[in-house]
Structure formats: structure tokens, C-alpha cells
Amino acid sequence: MPYRAGKKGGTLGHVGLPILSVVIGRLMGVSRYRLQPTPAQKAVLAEHCGHARFVWNLAVEQHEHWRPGRKSAPGFAEHCRQLTQARAEFAWLRAGSVIVQQQALKDFAKAITSFFAGTHGKPTWRRRGRSEGFRVVAMRAGDVRRLSRRVGEVRIPKAGWVRFRWSRRVPDGVKSYRVTRDRAGRWHIAFAAIPKPIPAPCTGEVVGVDRGVAVSAALSTGDMLSVPGLREAEKVRLRRLMRKLARAKRGSHRRATVRQAIAKLKARETDRRRDWAEKTSTDLARRFEVIAVEDLKIRNMTRSARGTIAKPGRNVQAKASLNRSILAAGWGQLVERLEHKAPGRVVRVNPAYTSQRCSACGIVDAKARESQAVFRCRSCRYTANADVNAARNIKLAAGHAVSAREGPRVAGPVHREPQPVLLSA
Ligand SMILES: [Zn+2]
């Protein structure tokens, strides 16, 4: 079910399409442009990519050796010390940009954090020619400028001023950018601006958001939000292209063409997910004063407390896990944007029992989870979508946390404590 903005305050759903795309463009935290480097600049950019890849792979390798129980794996600070040593040792690394190399380490640290939070897969080796790129931070005012109606330029370390296609306005106050090369050899630049906080509505309204199994997120209001993926026709086309790729001879021109078409479809999917995270986070930040989400760090430790998915066939399972990873990526982006747009208004809640507790009577009942989709309380007969029930519990938990800070609660539902007897049933 596609997400519709609520009547109250949710304006996006009522805006016409042409205006909507402008609105999205403005709200987007990331804007991507086609870079047009000279051949000499391309060589410098490729070198930056090589350095970033080298540093990243070094970090991956060190993590491979680390096992639970051993002394903690090297963190960002330790990696930076090692980078300093490596730069002292290798002239070719020293010749590169320290910003580029340090940011590769920062990206890795972030990837590891996301991995442990369960929103992303384990960071893996980067190979030459695949997902190549580097990040530059601490941009100064004047590092981006417009030359003419269609041409802009940006200052890149060691490469100087590099031109790009001015396809839309560069957001004010950009602080960092990422340069990437796709498999077709085209260069892009994406500027990142931390979006301005959205003022709270001051209604005191709390919303609980649960990371759903079938949808990306469920709200305590009953709304179900799904990340838009590829359309049916696009999925069919993707499958056809994958088969074509399997048949195409290695190194052939045909193979390169098919690859590029696949990359384009995948990019479309990524763009849609990003748009969704932008729109949804803006909408939530506008409608609600407090946004409660589950604390994924805790959740991963208590994963078994949540129901397991009924055992499907092998192929189905592979598909389901792919689907889950797409949902997880959408969720991770949503929470990240929420924290930017509603700073101090996002509350993290311990997710223990949120899927087993009845949000109406408060009883914890492992058997109330009739299926992955339905929650039916055996005590009070309350029935709801399982994800929505969980979202309501998250909202209630956040309410308790807020009221505990503000003093005793006068009104509101009383909830029973979890009953261990039922838990072991
Ligand atoms: Zn109940």
C-alpha cells in the first residue's frame, strides 16, 4: 500500500506532480550532478579512488582478523594512526590527499556501525572498477561556483577546478561531496547538505514507528509506509537483463552495454528509496512532536524475542532476504534523515517485547502473534496488524520515558508488567 500523507499537516499528498518534483528537489539532502573532468583531471580523480579503495580494503582486512572475544577491533582513531604510518612509509600514498584517505576510513567506521546496528550488510572489499569513489569534507564557501547557465565548477583537492553540468541549483551550505565513477566510466558528484531542522508542531503528539517486516515502517496511527522499489515491468526487464549478462561473453561490448543498463535500473531504485526517506522524514517531523523508534542496537541482541518468519522454500527465502535488505536500507535512511530534521525529538526505545505485547491491555503473550502480519490478543481480543501493534507499543514506551522525565502521570492507560509465565509458553 503506498504511503499517503495524513490530512493533518501532511501537504505532500495534495500537491500536483510538477510542483511535487520541485518540492522533492528542494527537500533532498543530496543532489547529484554529472562531472566533466579533463583527461588530466580524470587521472587525478582515478588516483583518489585508488587511494580510498586501498585504505578501505586495509580496514576491511583488519576487521577480518578480529573475532568476538578478542581485544576490540581497531576503531577510527587507531585506523588514523595507522594511516599516518602508512603515509610515512609509502610515497605514492603520501602524494595523495589526506582528506580523501581519512574520509575513506570514516566511511568504513560508519559502515561498521551500520552493520552492527543491523541496517546494513558487512562492509566488503572494494574492487577496481566497481563502486569507485571518494569523499571530500570541510568545503569552504566559494568551493562551488556557477560559470554559466549550464556549467558549474567545484574545487577538488589536487585536481583544481573541475566542471560539472549545472542541472539544478546547488543547495546552500553544502559541506561535503562524494565523487563517484559508474561502471560506464562516467563521473558524478553528489553534494550533501545537512537539512535544516523542521520546527516541531507543538501538539505534544508522539508517534511510534516500527520497522516492519512486510512494509518498511508502520506508524502507531495505523499508517503503513513502504519504500517504492522497481515497478513490475522494470523487474521483468531487470531479470531479462541479468539472463542476458550471464550469456554475454566476458569483455565483450555487448556485456558492457547490458551492465550499464542494469546499473541504470539499480540507480533508479536507489533514487526512489532516497526520495521516499526524504519525503517521509519531512512529513513525520512536521506532524509529530516526538518520534519514537526502536533502538536497533538493543534489538539485535534480542532478535529472538521477535517471531520468526514461517519456513518458506529455498528460492522464496533468497527473495525474501533480498526484500528484507531493501527494507532495511530504506529504514536506515529514514532514521538518519529524521535525526537531521527533528534533532532532539527522536526517542530510541528498547524494543524488547514490542512485538509480543498487546498495545491495548499491556499483556505480553508470545502466542498472540498469529502470523507475521496479524496480532490477536488472547486476553482482551484486541486485533491489529502486527507491525502497527508494535508501533503502538513503541509510542507507549516513549510516552513513559517522557512522562518519567516530567513527573508523575495523572491520566492515561495503565499497563501491566510482562508476565514471565506467558513468555515461556
Ligand atoms: Zn490485550
# chains A, B, ... in the order shown; residues from 1 in each chain; ligands from 1
>>> residues_near_ligand(ligand="ligand 1", cutoff="12 Å", atoms="only C-alpha atoms and all ligand atoms", output="mmCIF file with N, CA and C atoms, in the first residue's frame")
data_model
loop_
_atom_site.group_PDB
_atom_site.id
_atom_site.type_symbol
_atom_site.label_atom_id
_atom_site.label_comp_id
_atom_site.auth_asym_id
_atom_site.auth_seq_id
_atom_site.Cartn_x
_atom_site.Cartn_y
_atom_site.Cartn_z
ATOM 1 N N GLN A 356 5.376 -8.638 21.003
ATOM 2 C CA GLN A 356 4.573 -9.642 21.712
ATOM 3 C C GLN A 356 3.591 -9.036 22.709
ATOM 4 N N ARG A 357 3.774 -7.756 23.003
ATOM 5 C CA ARG A 357 2.890 -7.133 23.983
ATOM 6 C C ARG A 357 1.648 -6.596 23.277
ATOM 7 N N CYS A 358 0.521 -6.748 23.959
ATOM 8 C CA CYS A 358 -0.723 -6.195 23.429
ATOM 9 C C CYS A 358 -0.739 -4.696 23.748
ATOM 10 N N SER A 359 -0.916 -3.864 22.738
ATOM 11 C CA SER A 359 -0.862 -2.425 22.986
ATOM 12 C C SER A 359 -2.148 -1.923 23.636
ATOM 13 N N ALA A 360 -3.184 -2.764 23.674
ATOM 14 C CA ALA A 360 -4.444 -2.353 24.297
ATOM 15 C C ALA A 360 -4.469 -2.663 25.788
ATOM 16 N N CYS A 361 -4.085 -3.900 26.172
ATOM 17 C CA CYS A 361 -4.185 -4.267 27.589
ATOM 18 C C CYS A 361 -2.818 -4.429 28.246
ATOM 19 N N GLY A 362 -1.746 -4.453 27.478
ATOM 20 C CA GLY A 362 -0.412 -4.469 28.059
ATOM 21 C C GLY A 362 0.125 -5.849 28.384
ATOM 22 N N ILE A 363 -0.654 -6.877 28.140
ATOM 23 C CA ILE A 363 -0.193 -8.231 28.465
ATOM 24 C C ILE A 363 0.837 -8.688 27.424
ATOM 25 N N VAL A 364 1.828 -9.455 27.882
ATOM 26 C CA VAL A 364 2.815 -9.982 26.940
ATOM 27 C C VAL A 364 2.472 -11.432 26.650
ATOM 28 N N ASP A 365 2.281 -11.743 25.404
ATOM 29 C CA ASP A 365 1.798 -13.058 25.011
ATOM 30 C C ASP A 365 2.478 -13.466 23.707
ATOM 31 N N ALA A 366 3.389 -14.429 23.821
ATOM 32 C CA ALA A 366 4.159 -14.843 22.648
ATOM 33 C C ALA A 366 3.264 -15.472 21.585
ATOM 34 N N LYS A 367 2.115 -16.001 22.009
ATOM 35 C CA LYS A 367 1.249 -16.690 21.037
ATOM 36 C C LYS A 367 0.236 -15.765 20.376
ATOM 37 N N ALA A 368 0.246 -14.496 20.783
ATOM 38 C CA ALA A 368 -0.705 -13.565 20.190
ATOM 39 C C ALA A 368 -0.323 -13.234 18.755
ATOM 40 N N ARG A 369 0.934 -13.467 18.460
ATOM 41 C CA ARG A 369 1.395 -13.200 17.097
ATOM 42 C C ARG A 369 0.923 -14.346 16.221
ATOM 43 N N PHE A 375 -1.714 -9.595 14.782
ATOM 44 C CA PHE A 375 -1.592 -9.724 16.229
ATOM 45 C C PHE A 375 -3.007 -9.872 16.790
ATOM 46 N N ARG A 376 -3.240 -10.954 17.545
ATOM 47 C CA ARG A 376 -4.559 -11.132 18.146
ATOM 48 C C ARG A 376 -4.383 -11.468 19.611
ATOM 49 N N CYS A 377 -4.775 -10.541 20.481
ATOM 50 C CA CYS A 377 -4.588 -10.738 21.920
ATOM 51 C C CYS A 377 -5.590 -11.766 22.435
ATOM 52 N N ARG A 378 -5.092 -12.771 23.151
ATOM 53 C CA ARG A 378 -5.972 -13.814 23.654
ATOM 54 C C ARG A 378 -6.642 -13.384 24.950
ATOM 55 N N SER A 379 -6.155 -12.258 25.498
ATOM 56 C CA SER A 379 -6.680 -11.802 26.775
ATOM 57 C C SER A 379 -7.827 -10.812 26.582
ATOM 58 N N CYS A 380 -7.629 -9.814 25.707
ATOM 59 C CA CYS A 380 -8.671 -8.789 25.533
ATOM 60 C C CYS A 380 -9.264 -8.776 24.134
ATOM 61 N N ARG A 381 -8.841 -9.698 23.282
ATOM 62 C CA ARG A 381 -9.395 -9.837 21.929
ATOM 63 C C ARG A 381 -9.000 -8.703 20.982
ATOM 64 N N TYR A 382 -8.072 -7.875 21.405
ATOM 65 C CA TYR A 382 -7.616 -6.795 20.524
ATOM 66 C C TYR A 382 -6.911 -7.397 19.310
ATOM 67 N N THR A 383 -7.277 -6.943 18.124
ATOM 68 C CA THR A 383 -6.670 -7.452 16.900
ATOM 69 C C THR A 383 -6.143 -6.296 16.079
ATOM 70 N N ALA A 384 -4.937 -6.446 15.577
ATOM 71 C CA ALA A 384 -4.355 -5.374 14.755
ATOM 72 C C ALA A 384 -3.284 -5.954 13.852
ATOM 73 N N ASN A 389 0.678 -2.792 15.857
ATOM 74 C CA ASN A 389 0.660 -3.064 17.297
ATOM 75 C C ASN A 389 2.030 -2.756 17.920
ATOM 76 N N ASN A 393 3.185 0.084 20.745
ATOM 77 C CA ASN A 393 3.975 -0.187 21.951
ATOM 78 C C ASN A 393 5.180 0.746 22.043
ATOM 79 N N HIS A 415 -0.521 0.035 32.327
ATOM 80 C CA HIS A 415 -0.076 -1.185 31.654
ATOM 81 C C HIS A 415 0.523 -2.163 32.628
ATOM 82 N N ARG A 416 0.143 -3.403 32.441
ATOM 83 C CA ARG A 416 0.688 -4.450 33.290
ATOM 84 C C ARG A 416 2.122 -4.757 32.891
#
>>> select_by_dssp(residues="range 213-399 of chain A", states="strand (DSSP E)", output="PDB file with N, CA, C and O atoms, in the first residue's frame")
ATOM      1  N   ALA A 217       7.957   0.518   7.256  1.00  0.00           N
ATOM      2  CA  ALA A 217       7.705   1.066   8.572  1.00  0.00           C
ATOM      3  C   ALA A 217       6.206   1.133   8.812  1.00  0.00           C
ATOM      4  O   ALA A 217       5.436   1.372   7.891  1.00  0.00           O
ATOM      5  N   ALA A 218       5.819   0.887  10.058  1.00  0.00           N
ATOM      6  CA  ALA A 218       4.419   1.026  10.439  1.00  0.00           C
ATOM      7  C   ALA A 218       4.335   2.110  11.500  1.00  0.00           C
ATOM      8  O   ALA A 218       5.206   2.211  12.359  1.00  0.00           O
ATOM      9  N   LEU A 219       3.304   2.944  11.418  1.00  0.00           N
ATOM     10  CA  LEU A 219       3.129   4.013  12.397  1.00  0.00           C
ATOM     11  C   LEU A 219       2.060   3.620  13.415  1.00  0.00           C
ATOM     12  O   LEU A 219       1.151   2.861  13.098  1.00  0.00           O
ATOM     13  N   MET A 224       0.846   2.565   7.080  1.00  0.00           N
ATOM     14  CA  MET A 224       1.900   1.638   6.694  1.00  0.00           C
ATOM     15  C   MET A 224       2.706   2.295   5.578  1.00  0.00           C
ATOM     16  O   MET A 224       2.148   2.708   4.579  1.00  0.00           O
ATOM     17  N   LEU A 225       4.002   2.376   5.803  1.00  0.00           N
ATOM     18  CA  LEU A 225       4.841   3.040   4.813  1.00  0.00           C
ATOM     19  C   LEU A 225       5.701   2.020   4.081  1.00  0.00           C
ATOM     20  O   LEU A 225       6.337   1.186   4.709  1.00  0.00           O
ATOM     21  N   VAL A 290       7.182  14.311  18.965  1.00  0.00           N
ATOM     22  CA  VAL A 290       8.170  13.299  19.351  1.00  0.00           C
ATOM     23  C   VAL A 290       8.013  12.083  18.449  1.00  0.00           C
ATOM     24  O   VAL A 290       6.895  11.637  18.203  1.00  0.00           O
ATOM     25  N   ILE A 291       9.119  11.600  17.922  1.00  0.00           N
ATOM     26  CA  ILE A 291       9.088  10.435  17.044  1.00  0.00           C
ATOM     27  C   ILE A 291       9.870   9.317  17.725  1.00  0.00           C
ATOM     28  O   ILE A 291      11.068   9.440  17.962  1.00  0.00           O
ATOM     29  N   ALA A 292       9.156   8.239  18.060  1.00  0.00           N
ATOM     30  CA  ALA A 292       9.795   7.132  18.783  1.00  0.00           C
ATOM     31  C   ALA A 292      10.111   5.996  17.819  1.00  0.00           C
ATOM     32  O   ALA A 292       9.266   5.579  17.037  1.00  0.00           O
ATOM     33  N   VAL A 293      11.346   5.540  17.860  1.00  0.00           N
ATOM     34  CA  VAL A 293      11.759   4.400  17.039  1.00  0.00           C
ATOM     35  C   VAL A 293      12.415   3.369  17.946  1.00  0.00           C
ATOM     36  O   VAL A 293      12.833   3.683  19.053  1.00  0.00           O
ATOM     37  N   GLU A 294      12.513   2.150  17.441  1.00  0.00           N
ATOM     38  CA  GLU A 294      13.168   1.151  18.281  1.00  0.00           C
ATOM     39  C   GLU A 294      14.679   1.333  18.198  1.00  0.00           C
ATOM     40  O   GLU A 294      15.224   1.739  17.178  1.00  0.00           O
ATOM     41  N   VAL A 346      13.767  12.726  18.366  1.00  0.00           N
ATOM     42  CA  VAL A 346      13.713  11.297  18.065  1.00  0.00           C
ATOM     43  C   VAL A 346      14.105  10.530  19.331  1.00  0.00           C
ATOM     44  O   VAL A 346      15.176  10.741  19.879  1.00  0.00           O
ATOM     45  N   VAL A 347      13.198   9.695  19.795  1.00  0.00           N
ATOM     46  CA  VAL A 347      13.438   8.928  21.015  1.00  0.00           C
ATOM     47  C   VAL A 347      13.674   7.470  20.645  1.00  0.00           C
ATOM     48  O   VAL A 347      12.919   6.900  19.860  1.00  0.00           O
ATOM     49  N   ARG A 348      14.746   6.898  21.186  1.00  0.00           N
ATOM     50  CA  ARG A 348      15.008   5.477  20.929  1.00  0.00           C
ATOM     51  C   ARG A 348      14.491   4.645  22.086  1.00  0.00           C
ATOM     52  O   ARG A 348      14.748   4.952  23.239  1.00  0.00           O
ATOM     53  N   VAL A 349      13.771   3.608  21.730  1.00  0.00           N
ATOM     54  CA  VAL A 349      13.062   2.821  22.721  1.00  0.00           C
ATOM     55  C   VAL A 349      13.580   1.389  22.703  1.00  0.00           C
ATOM     56  O   VAL A 349      13.864   0.846  21.648  1.00  0.00           O
ATOM     57  N   VAL A 374      -0.512 -10.605  11.604  1.00  0.00           N
ATOM     58  CA  VAL A 374      -1.648 -10.336  12.492  1.00  0.00           C
ATOM     59  C   VAL A 374      -1.289 -10.545  13.960  1.00  0.00           C
ATOM     60  O   VAL A 374      -0.650 -11.525  14.326  1.00  0.00           O
ATOM     61  N   PHE A 375      -1.714  -9.595  14.782  1.00  0.00           N
ATOM     62  CA  PHE A 375      -1.592  -9.724  16.229  1.00  0.00           C
ATOM     63  C   PHE A 375      -3.007  -9.872  16.790  1.00  0.00           C
ATOM     64  O   PHE A 375      -3.865  -9.033  16.525  1.00  0.00           O
ATOM     65  N   ARG A 376      -3.240 -10.954  17.545  1.00  0.00           N
ATOM     66  CA  ARG A 376      -4.559 -11.132  18.146  1.00  0.00           C
ATOM     67  C   ARG A 376      -4.383 -11.468  19.611  1.00  0.00           C
ATOM     68  O   ARG A 376      -3.860 -12.527  19.952  1.00  0.00           O
ATOM     69  N   THR A 383      -7.277  -6.943  18.124  1.00  0.00           N
ATOM     70  CA  THR A 383      -6.670  -7.452  16.900  1.00  0.00           C
ATOM     71  C   THR A 383      -6.143  -6.296  16.079  1.00  0.00           C
ATOM     72  O   THR A 383      -6.810  -5.273  15.939  1.00  0.00           O
ATOM     73  N   ALA A 384      -4.937  -6.446  15.577  1.00  0.00           N
ATOM     74  CA  ALA A 384      -4.355  -5.374  14.755  1.00  0.00           C
ATOM     75  C   ALA A 384      -3.284  -5.954  13.852  1.00  0.00           C
ATOM     76  O   ALA A 384      -2.834  -7.090  14.047  1.00  0.00           O
ATOM     77  N   ASN A 385      -2.885  -5.173  12.904  1.00  0.00           N
ATOM     78  CA  ASN A 385      -1.701  -5.519  12.129  1.00  0.00           C
ATOM     79  C   ASN A 385      -0.536  -5.604  13.119  1.00  0.00           C
ATOM     80  O   ASN A 385      -0.385  -4.745  13.984  1.00  0.00           O
TER      81      ASN A 385
END
>>> closest_residue(among="A:Glu47, A:Glu370, A:Glu89, A:Asp182", to="Ala256 in chain A", atoms="only C-alpha atoms")
A:Asp182
>>> atom_distance(atom1="CA of Gln333 in chain A", atom2="CA of Gln103 in chain A")
19.6 Å
>>> closest_residue(among="A:Lys158, A:Lys106, A:Arg345, A:Arg126", to="Gln41 in chain A", atoms="only C-alpha atoms")
A:Lys158
>>> residues_around(residues="Ala246 in chain A", least_positions_apart="5", cutoff="12 Å", atoms="only C-alpha atoms", output="ChimeraX atom specification")
/A:239-241,254-256,258-259
>>> write_last_selection(atoms="C-alpha atoms", output="PDB file, in the first residue's frame")
ATOM      1  CA  ARG A 239      15.558 -10.248 -14.827  1.00  0.00           C
ATOM      2  CA  ARG A 240      15.829 -10.345 -18.615  1.00  0.00           C
ATOM      3  CA  LEU A 241      18.997  -8.229 -18.495  1.00  0.00           C
ATOM      4  CA  ARG A 254      27.542  -6.377 -25.520  1.00  0.00           C
ATOM      5  CA  ARG A 255      28.341  -7.288 -21.934  1.00  0.00           C
ATOM      6  CA  ALA A 256      29.332  -3.710 -21.159  1.00  0.00           C
ATOM      7  CA  VAL A 258      23.962  -4.845 -20.636  1.00  0.00           C
ATOM      8  CA  ARG A 259      25.887  -3.993 -17.469  1.00  0.00           C
TER       9      ARG A 259
END
>>> closest_residue(among="A:Arg211, A:His79, A:Lys395, A:Arg130", to="Leu58 in chain A", atoms="only C-alpha atoms")
A:His79
>>> atom_distance(atom1="CA of Ala109 in chain A", atom2="CA of Ile194 in chain A")
19.4 Å
>>> closest_residue(among="A:Gly332, A:Gly204, A:Pro171, A:Gly399", to="Arg32 in chain A", atoms="only C-alpha atoms")
A:Pro171
>>> closest_residue(among="A:Val227, A:Leu238, A:Val55, A:Val388", to="Leu265 in chain A", atoms="only C-alpha atoms")
A:Leu238
>>> closest_residue(among="A:Ala138, A:Ala373, A:Val206, A:Ala398", to="Ala192 in chain A", atoms="only C-alpha atoms")
A:Ala138
>>> residues_around(residues="Cys202 in chain A", least_positions_apart="2", cutoff="9 Å", atoms="only C-alpha atoms", output="list of chain:residue names")
A:Pro199, A:Ala200, A:Gly204, A:Glu205, A:Phe288, A:Glu289
>>> select_by_dssp(residues="range 86-229 of chain A", states="alpha helix (DSSP H)", output="list in words")
Ala86, Arg87, Ala88, Glu89, Ala91, Trp92, Leu93, Arg94, Val98, Ile99, Val100, Gln101, Gln102, Gln103, Ala104, Leu105, Lys106, Asp107, Phe108, Ala109, Lys110, Ala111, Ile112, Thr113, Ser114, Phe115, Phe116 and Ala117 of chain A
>>> atom_distance(atom1="CA of Ile262 in chain A", atom2="CA of Lys244 in chain A")
10.4 Å
>>> residues_around(residues="Leu83 in chain A", least_positions_apart="2", cutoff="9 Å", atoms="only C-alpha atoms", output="list in words")
Val55, Glu78, His79, Cys80, Arg81, Gln85, Ala86, Arg87, Ala88, Gln101, Gln102 and Leu105 of chain A
>>> residues_around(residues="range 94-100 of chain A", least_positions_apart="5", cutoff="7 Å", atoms="only C-alpha atoms", output="JSON, numbers by chain")
{"A": [48, 52, 87, 88, 134, 135, 136, 157]}
>>> residues_around(residues="Leu334 in chain A", least_positions_apart="5", cutoff="8 Å", atoms="only C-alpha atoms", output="MDAnalysis selection string")
chainID A and resid 277:278 280:281
>>> write_last_selection(atoms="C-alpha atoms", output="PDB file, in the first residue's frame")
ATOM      1  CA  ALA A 277      13.221   8.686   3.012  1.00  0.00           C
ATOM      2  CA  GLU A 278      13.319  12.448   2.387  1.00  0.00           C
ATOM      3  CA  THR A 280       8.627  10.606   4.817  1.00  0.00           C
ATOM      4  CA  SER A 281      11.079  12.083   7.326  1.00  0.00           C
TER       5      SER A 281
END
